[in-house]
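**Q** This one is model05.pdb, PDB, C-alpha atoms and all ligand atoms.
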ATOM      1  CA  MET A   1    -105.405  77.381 -96.629
ATOM      2  CA  SER A   2    -108.752  77.021 -94.967
ATOM      3  CA  THR A   3    -111.951  76.367 -96.888
ATOM      4  CA  ASP A   4    -114.171  77.245 -93.900
ATOM      5  CA  ARG A   5    -115.258  80.661 -95.068
ATOM      6  CA  TYR A   6    -116.416  79.413 -98.438
ATOM      7  CA  PRO A   7    -118.844  76.490 -98.565
ATOM      8  CA  GLN A   8    -118.250  76.419-102.360
ATOM      9  CA  ARG A   9    -114.566  75.644-101.784
ATOM     10  CA  ALA A  10    -115.512  73.033 -99.217
ATOM     11  CA  ALA A  11    -117.839  71.465-101.811
ATOM     12  CA  ALA A  12    -114.972  71.374-104.316
ATOM     13  CA  ALA A  13    -112.681  69.702-101.775
ATOM     14  CA  ALA A  14    -115.453  67.247-100.906
ATOM     15  CA  LEU A  15    -115.879  66.253-104.558
ATOM     16  CA  ARG A  16    -112.129  65.710-104.962
ATOM     17  CA  PHE A  17    -112.214  63.542-101.837
ATOM     18  CA  GLU A  18    -115.322  61.630-102.936
ATOM     19  CA  LEU A  19    -113.739  60.719-106.283
ATOM     20  CA  ASP A  20    -110.278  60.183-104.781
ATOM     21  CA  LEU A  21    -108.729  62.812-107.060
ATOM     22  CA  GLY A  22    -105.953  63.926-104.738
ATOM     23  CA  HIS A  23    -104.637  67.486-104.927
ATOM     24  CA  GLY A  24    -103.231  67.580-108.461
ATOM     25  CA  LEU A  25    -104.536  68.167-111.987
ATOM     26  CA  VAL A  26    -108.131  67.094-112.663
ATOM     27  CA  ASP A  27    -110.056  66.565-115.887
ATOM     28  CA  PRO A  28    -113.508  68.140-115.385
ATOM     29  CA  PHE A  29    -114.892  66.300-118.426
ATOM     30  CA  GLU A  30    -113.912  62.946-116.949
ATOM     31  CA  VAL A  31    -115.292  64.043-113.572
ATOM     32  CA  ALA A  32    -118.655  64.925-115.153
ATOM     33  CA  ASP A  33    -118.672  61.506-116.761
ATOM     34  CA  ARG A  34    -117.972  59.803-113.433
ATOM     35  CA  LEU A  35    -120.857  61.760-111.889
ATOM     36  CA  GLY A  36    -123.174  60.460-114.598
ATOM     37  CA  ILE A  37    -123.521  63.909-116.198
ATOM     38  CA  GLU A  38    -123.650  63.898-119.965
ATOM     39  CA  VAL A  39    -121.283  66.415-121.583
ATOM     40  CA  VAL A  40    -121.667  67.921-125.028
ATOM     41  CA  ARG A  41    -118.667  69.896-126.333
ATOM     42  CA  PHE A  42    -119.734  71.655-129.466
ATOM     43  CA  PRO A  43    -118.411  74.797-131.180
ATOM     44  CA  VAL A  44    -120.887  77.688-131.433
ATOM     45  CA  GLY A  45    -119.157  80.193-133.654
ATOM     46  CA  ASP A  46    -120.680  83.462-132.524
ATOM     47  CA  GLY A  47    -119.776  82.913-128.871
ATOM     48  CA  SER A  48    -123.332  83.761-127.802
ATOM     49  CA  ILE A  49    -123.361  80.881-125.340
ATOM     50  CA  GLU A  50    -120.537  79.768-123.098
ATOM     51  CA  GLY A  51    -122.097  76.865-121.276
ATOM     52  CA  MET A  52    -125.244  75.320-119.950
ATOM     53  CA  TYR A  53    -126.271  73.026-117.143
ATOM     54  CA  ARG A  54    -129.584  71.238-117.025
ATOM     55  CA  PRO A  55    -130.543  68.816-114.265
ATOM     56  CA  ASP A  56    -132.835  66.657-116.471
ATOM     57  CA  GLY A  57    -132.194  62.943-116.065
ATOM     58  CA  GLY A  58    -128.709  62.536-114.618
ATOM     59  CA  GLY A  59    -128.005  66.096-115.729
ATOM     60  CA  TYR A  60    -126.205  67.372-118.777
ATOM     61  CA  ILE A  61    -123.614  70.015-119.488
ATOM     62  CA  PHE A  62    -123.054  71.927-122.687
ATOM     63  CA  VAL A  63    -119.672  73.565-123.309
ATOM     64  CA  ASN A  64    -118.985  75.858-126.255
ATOM     65  CA  SER A  65    -115.834  74.279-127.662
ATOM     66  CA  GLN A  66    -115.125  77.316-129.827
ATOM     67  CA  ALA A  67    -113.392  78.767-126.753
ATOM     68  CA  SER A  68    -109.798  77.926-125.860
ATOM     69  CA  PHE A  69    -109.448  74.612-124.044
ATOM     70  CA  VAL A  70    -108.455  76.270-120.752
ATOM     71  CA  ARG A  71    -111.719  78.217-120.955
ATOM     72  CA  GLN A  72    -113.663  75.029-121.745
ATOM     73  CA  ARG A  73    -112.154  73.308-118.714
ATOM     74  CA  PHE A  74    -113.228  76.248-116.561
ATOM     75  CA  THR A  75    -116.737  76.256-118.039
ATOM     76  CA  ALA A  76    -117.098  72.513-117.404
ATOM     77  CA  ALA A  77    -115.921  72.930-113.789
ATOM     78  CA  HIS A  78    -118.317  75.873-113.372
ATOM     79  CA  GLU A  79    -121.253  73.768-114.610
ATOM     80  CA  ILE A  80    -120.237  70.909-112.279
ATOM     81  CA  GLY A  81    -120.387  73.587-109.558
ATOM     82  CA  HIS A  82    -124.020  74.283-110.460
ATOM     83  CA  HIS A  83    -124.697  70.550-110.326
ATOM     84  CA  ARG A  84    -123.184  70.218-106.855
ATOM     85  CA  LEU A  85    -124.396  73.510-105.381
ATOM     86  CA  HIS A  86    -127.702  74.280-107.025
ATOM     87  CA  GLY A  87    -129.375  70.913-107.412
ATOM     88  CA  ASP A  88    -132.301  71.068-109.781
ATOM     89  CA  GLN A  89    -131.842  74.605-111.082
ATOM     90  CA  ALA A  90    -131.074  75.104-114.752
ATOM     91  CA  PHE A  91    -128.420  77.503-116.024
ATOM     92  CA  ILE A  92    -127.918  78.799-119.527
ATOM     93  CA  GLU A  93    -125.119  81.278-119.735
ATOM     94  CA  SER A  94    -123.786  83.633-122.313
ATOM     95  CA  SER A  95    -121.033  84.612-119.930
ATOM     96  CA  LEU A  96    -119.745  83.176-116.670
ATOM     97  CA  ASP A  97    -119.233  86.686-115.351
ATOM     98  CA  GLU A  98    -122.821  87.266-114.287
ATOM     99  CA  PRO A  99    -122.802  88.382-110.638
ATOM    100  CA  ASP A 100    -125.151  85.558-109.640
ATOM    101  CA  ASP A 101    -122.645  83.054-110.913
ATOM    102  CA  TRP A 102    -119.959  83.735-108.350
ATOM    103  CA  GLU A 103    -120.791  80.628-106.324
ATOM    104  CA  ALA A 104    -120.213  78.322-109.279
ATOM    105  CA  ASN A 105    -117.029  80.266-110.111
ATOM    106  CA  CYS A 106    -115.824  79.949-106.521
ATOM    107  CA  PHE A 107    -116.387  76.174-106.753
ATOM    108  CA  ALA A 108    -114.659  75.953-110.154
ATOM    109  CA  GLU A 109    -111.592  77.854-108.947
ATOM    110  CA  ALA A 110    -111.005  75.596-105.950
ATOM    111  CA  PHE A 111    -111.925  72.447-107.861
ATOM    112  CA  LEU A 112    -109.516  73.089-110.738
ATOM    113  CA  VAL A 113    -106.764  74.606-108.587
ATOM    114  CA  ASP A 114    -106.714  72.641-105.354
ATOM    115  CA  PRO A 115    -105.648  75.009-102.525
ATOM    116  CA  VAL A 116    -103.657  72.313-100.701
ATOM    117  CA  GLY A 117    -101.875  71.145-103.844
ATOM    118  CA  LEU A 118    -101.212  74.738-104.888
ATOM    119  CA  GLY A 119     -99.615  75.445-101.518
ATOM    120  CA  ARG A 120     -97.201  72.562-102.162
ATOM    121  CA  GLN A 121     -96.523  73.715-105.740
ATOM    122  CA  LEU A 122     -95.696  77.245-104.637
ATOM    123  CA  GLY A 123     -93.821  76.227-101.481
ATOM    124  CA  GLU A 124     -90.415  76.590-103.095
ATOM    125  CA  VAL A 125     -91.321  79.371-105.539
ATOM    126  CA  GLU A 126     -90.136  82.897-104.766
ATOM    127  CA  HIS A 127     -92.796  85.608-104.488
ATOM    128  CA  ASP A 128     -92.678  86.672-108.121
ATOM    129  CA  VAL A 129     -96.249  87.010-109.358
ATOM    130  CA  SER A 130     -95.664  86.066-113.011
ATOM    131  CA  ARG A 131     -93.680  82.999-111.984
ATOM    132  CA  MET A 132     -96.332  81.968-109.436
ATOM    133  CA  VAL A 133     -99.037  82.298-112.090
ATOM    134  CA  ALA A 134     -96.959  80.331-114.616
ATOM    135  CA  VAL A 135     -96.450  77.488-112.119
ATOM    136  CA  THR A 136    -100.205  77.483-111.395
ATOM    137  CA  CYS A 137    -101.053  77.361-115.136
ATOM    138  CA  GLU A 138     -98.597  74.523-115.655
ATOM    139  CA  ALA A 139     -99.767  72.440-112.710
ATOM    140  CA  TYR A 140    -103.507  72.921-113.148
ATOM    141  CA  TRP A 141    -104.091  73.713-116.853
ATOM    142  CA  VAL A 142    -105.953  76.978-116.324
ATOM    143  CA  SER A 143    -105.607  80.228-118.258
ATOM    144  CA  GLN A 144    -103.132  82.875-117.116
ATOM    145  CA  SER A 145    -105.971  85.242-116.172
ATOM    146  CA  ALA A 146    -107.864  82.545-114.230
ATOM    147  CA  ALA A 147    -104.649  81.550-112.431
ATOM    148  CA  GLY A 148    -103.913  85.161-111.472
ATOM    149  CA  ILE A 149    -107.446  85.729-110.197
ATOM    150  CA  ILE A 150    -107.345  82.458-108.254
ATOM    151  CA  LEU A 151    -104.054  83.424-106.578
ATOM    152  CA  ARG A 152    -105.718  86.704-105.611
ATOM    153  CA  HIS A 153    -108.875  84.976-104.323
ATOM    154  CA  PHE A 154    -106.759  82.538-102.312
ATOM    155  CA  GLY A 155    -105.016  85.501-100.681
ATOM    156  CA  LEU A 156    -101.599  84.583-102.115
ATOM    157  CA  ILE A 157    -101.084  87.852-104.002
ATOM    158  CA  ALA A 158    -102.412  91.377-103.459
ATOM    159  CA  GLN A 159    -104.833  93.182-105.789
ATOM    160  CA  PRO A 160    -102.188  95.627-107.132
ATOM    161  CA  GLU A 161     -99.992  92.608-107.924
ATOM    162  CA  LEU A 162    -102.842  91.001-109.865
ATOM    163  CA  ASP A 163    -103.553  94.257-111.699
ATOM    164  CA  GLY A 164     -99.876  94.619-112.599
ATOM    165  CA  PHE A 165     -99.767  91.046-113.863
ATOM    166  CA  LEU A 166    -102.920  91.433-116.012
ATOM    167  CA  GLU A 167    -101.585  94.667-117.530
ATOM    168  CA  ARG A 168     -98.661  92.786-119.001
ATOM    169  CA  ASN A 169    -101.060  90.935-121.349
ATOM    170  CA  TRP A 170     -99.355  87.569-121.230
ATOM    171  CA  THR A 171    -100.934  84.746-123.178
ATOM    172  CA  TYR A 172    -101.075  81.270-121.665
ATOM    173  CA  ALA A 173     -98.354  80.070-124.029
ATOM    174  CA  SER A 174     -96.056  83.120-123.814
ATOM    175  CA  LEU A 175     -96.147  83.082-120.015
ATOM    176  CA  LEU A 176     -95.264  79.393-119.718
ATOM    177  CA  ARG A 177     -92.450  79.690-122.272
ATOM    178  CA  GLU A 178     -91.018  82.690-120.424
ATOM    179  CA  TYR A 179     -90.471  80.421-117.424
ATOM    180  CA  GLY A 180     -89.204  77.429-119.380
ATOM    181  CA  LEU A 181     -92.484  75.518-119.004
ATOM    182  CA  LYS A 182     -94.264  73.706-121.806
ATOM    183  CA  PRO A 183     -97.763  74.935-122.752
ATOM    184  CA  ARG A 184    -100.242  72.104-123.318
ATOM    185  CA  GLY A 185    -101.689  71.854-126.818
ATOM    186  CA  GLU A 186    -105.297  72.441-127.828
ATOM    187  CA  PRO A 187    -107.289  69.211-128.069
ATOM    188  CA  ASP A 188    -109.951  68.733-130.739
ATOM    189  CA  ARG A 189    -113.018  70.983-130.893
ATOM    190  CA  GLY A 190    -115.380  68.285-129.684
ATOM    191  CA  ILE A 191    -118.174  66.947-131.818
ATOM    192  CA  THR A 192    -118.984  68.551-135.146
ATOM    193  CA  GLN A 193    -122.687  67.861-135.106
ATOM    194  CA  LEU A 194    -125.087  68.128-132.200
ATOM    195  CA  PRO A 195    -126.549  64.732-131.283
ATOM    196  CA  PRO A 196    -130.259  64.484-132.218
ATOM    197  CA  GLN A 197    -131.368  64.279-128.571
ATOM    198  CA  PHE A 198    -129.533  67.519-127.832
ATOM    199  CA  ARG A 199    -131.088  69.310-130.812
ATOM    200  CA  GLU A 200    -134.422  68.135-129.491
ATOM    201  CA  ARG A 201    -133.633  69.446-125.985
ATOM    202  CA  ALA A 202    -132.585  72.837-127.349
ATOM    203  CA  LEU A 203    -135.889  73.092-129.219
ATOM    204  CA  ARG A 204    -137.866  72.172-126.086
ATOM    205  CA  LEU A 205    -135.986  74.886-124.138
ATOM    206  CA  VAL A 206    -136.968  77.445-126.770
ATOM    207  CA  GLU A 207    -140.552  76.239-126.582
ATOM    208  CA  ALA A 208    -140.534  76.621-122.796
ATOM    209  CA  GLY A 209    -139.165  80.153-123.120
ATOM    210  CA  GLN A 210    -135.957  79.169-121.289
ATOM    211  CA  LEU A 211    -133.546  79.629-124.180
ATOM    212  CA  ALA A 212    -133.568  82.612-126.513
ATOM    213  CA  ALA A 213    -134.364  81.614-130.087
ATOM    214  CA  GLU A 214    -131.266  83.404-131.429
ATOM    215  CA  ARG A 215    -129.062  81.446-129.068
ATOM    216  CA  ALA A 216    -130.676  78.121-129.924
ATOM    217  CA  ALA A 217    -130.357  79.006-133.596
ATOM    218  CA  SER A 218    -126.624  79.559-133.287
ATOM    219  CA  MET A 219    -126.273  76.276-131.393
ATOM    220  CA  LEU A 220    -128.214  74.437-134.063
ATOM    221  CA  GLY A 221    -126.547  76.266-136.932
ATOM    222  CA  VAL A 222    -129.779  77.598-138.423
ATOM    223  CA  GLU A 223    -131.289  81.058-138.883
ATOM    224  CA  SER A 224    -133.578  82.085-136.012
ATOM    225  CA  ALA A 225    -136.412  82.512-138.495
ATOM    226  CA  GLU A 226    -136.137  78.818-139.342
ATOM    227  CA  LEU A 227    -136.832  77.926-135.721
ATOM    228  CA  ASN A 228    -140.338  79.294-136.067
ATOM    229  CA  GLY A 229    -141.083  76.405-138.361
ATOM    230  CA  LEU A 230    -139.716  73.886-135.848
ATOM    231  CA  VAL A 231    -141.199  75.053-132.563
ATOM    232  CA  ALA A 232    -143.674  77.527-131.157
ATOM    233  CA  VAL A 233    -141.159  80.173-130.121
ATOM    234  CA  GLU A 234    -141.961  81.830-126.794
ATOM    235  CA  GLU A 235    -140.566  85.211-125.878
ATOM    236  CA  ALA A 236    -137.428  84.410-123.916
ATOM    237  CA  ASP A 237    -135.655  86.902-121.733
ATOM    238  CA  PRO A 238    -132.045  86.098-122.538
ATOM    239  CA  LEU A 239    -130.670  87.165-119.154
ATOM    240  CA  GLY A 240    -133.594  86.325-116.904
ATOM    241  CA  SER A 241    -133.711  82.832-118.334
ATOM    242  CA  ALA A 242    -130.251  82.106-116.961
ATOM    243  CA  LEU A 243    -131.509  81.439-113.467
ATOM    244  CA  LEU A 244    -134.838  79.772-114.108
ATOM    245  CA  ALA A 245    -135.739  77.088-111.649
ATOM    246  CA  ASP A 246    -137.457  74.025-113.031
ATOM    247  CA  PHE A 247    -141.073  74.564-112.197
ATOM    248  CA  PRO A 248    -143.534  71.736-112.639
ATOM    249  CA  ASP A 249    -145.438  72.011-115.915
ATOM    250  CA  SER A 250    -148.718  72.363-114.059
ATOM    251  CA  LEU A 251    -147.602  75.577-112.377
ATOM    252  CA  ASP A 252    -148.673  78.663-114.255
TER     253      ASP A 252
HETATM  254 ZN    ZN B 301    -123.272  79.611-114.218
END
So, in terms of structure tokens, how does the structure I just supplied come out?
Ligand SMILES: [Zn+2]

**A**
Amino acid sequence: MSTDRYPQRAAAAALRFELDLGHGLVDPFEVADRLGIEVVRFPVGDGSIEGMYRPDGGGYIFVNSQASFVRQRFTAAHEIGHHRLHGDQAFIESSLDEPDDWEANCFAEAFLVDPVGLGRQLGEVEHDVSRMVAVTCEAYWVSQSAAGIILRHFGLIAQPELDGFLERNWTYASLLREYGLKPRGEPDRGITQLPPQFRERALRLVEAGQLAAERAASMLGVESAELNGLVAVEEADPLGSALLADFPDSLD
């Protein structure tokens, strides 16, 4: 399929080409590493934060490893999308479904599920939506819902077909087993303690009003009230903060 209409897909193809990744399965964590982006995978129990990208230094990515690993892979690819598409903007997200995030999602979809490779994978597969989704999940290690949505976005299935598929409430594992494919296991939950430099960064973000105190508190595993003793907490707008550009300190 063509990537012309979507510069985000073209950017995903360009990154695959740049790193000589071919058209098959990619590991977004390894890709971030190769790009010099630091990755922190850490479980935040209340699910208040899904991921974060900050351009500071070489850039760093935070992924809430409480989520299923297919979700973590998508989050990491989404944050790499911000890195490639949005340069020095910072993103802190409680959900990747914010409307403004579609560009990073568009990148993540095409980066994880390469359109050319997918075309080859599905070349011999009959037009049976559940089977097509299962093959996509198997080949590219994405969730069943992400795979279905990607097939829809790539124009390979129609919207009613996607709706019908989603209504059947497959899980990643049940869908793969149904088609005789082997679900991949869940890797570890990442690190169990935030590295000191990351704790420090989270506190600075709270201080700058770019990260809501409650969210930082759940990342750091403390009560929000305790943060008041650690930093001067600014009023942070939890949604507005998601798209804050990095303004120079001198700008007020
Ligand atoms: Zn985002």

**Q** Could you tell me which of A:Arg16, A:His153, A:Arg54, A:Arg199 comes closest to ligand ZN 301 (chain B) if we count all atoms listed in the file?

**A** A:Arg54

**Q** Of the candidates A:Ala212, A:Leu85, A:Val116, A:Ala139, which shows the shortest atom-to-atom distance to ligand ZN 301 (chain B), using all atoms listed in the file?

**A** A:Leu85

**Q** Here's the selection I'm unsure about, the PyMOL selection byres (((chain A and resi 76-84) around 7) and not hetatm); applied to the file above, which residues does it give, as a ChimeraX atom specification?

**A** /A:28-29,32,52-53,61,63,72-75,85-87,104-105,107-108

**Q** With distances taken over only C-alpha atoms and all ligand atoms, which residue among A:Ser68, A:Ser48, A:Gln89, A:Thr136 lies nearest ligand ZN 301 (chain B)?

**A**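 Closest to ligand ZN 301 (chain B), using only C-alpha atoms and all ligand atoms: A:Gln89.
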
**Q** Carefully work through the PyMOL selection byres (((chain A and resi 216) around 12) and not hetatm) for this structure and note down the residues it includes, as a VMD selection string.

**A** chain A and resid 44 46 to 49 52 92 94 194 198 to 207 209 to 215 217 to 228 230 to 231 233 236 238

**Q** As an exercise, work out the distance from CA of Ala158 in chain A to CA of Leu122 in chain A in Å and give it to one decimal place.

**A**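 One can read the CA of Ala158 in chain A to CA of Leu122 in chain A distance as 15.7 Å.
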
**Q** Edge lengths and centre, in Å to one decimal, as AutoDock Vina command-line options: that's what I need for the box along x, y and z that holds all listed atoms of range 61-80 of chain A plus 3 Å on each side.

**A**
--center_x -116.0 --center_y 74.4 --center_z -121.1 --size_x 21.2 --size_y 14.8 --size_z 23.5

**Q** Can you list what the PyMOL selection byres (((chain A and resi 177-180) around 9) and not hetatm) grabs from this structure, as a JSON list (two decimals) with C-alpha atoms, in the frame of the given file?

**A**
[["chain", "number", "residue", "atom", "x", "y", "z"],
["A", 130, "SER", "CA", -95.66, 86.07, -113.01],
["A", 131, "ARG", "CA", -93.68, 83.00, -111.98],
["A", 134, "ALA", "CA", -96.96, 80.33, -114.62],
["A", 135, "VAL", "CA", -96.45, 77.49, -112.12],
["A", 172, "TYR", "CA", -101.08, 81.27, -121.66],
["A", 173, "ALA", "CA", -98.35, 80.07, -124.03],
["A", 174, "SER", "CA", -96.06, 83.12, -123.81],
["A", 175, "LEU", "CA", -96.15, 83.08, -120.02],
["A", 176, "LEU", "CA", -95.26, 79.39, -119.72],
["A", 181, "LEU", "CA", -92.48, 75.52, -119.00],
["A", 182, "LYS", "CA", -94.26, 73.71, -121.81],
["A", 183, "PRO", "CA", -97.76, 74.94, -122.75]]
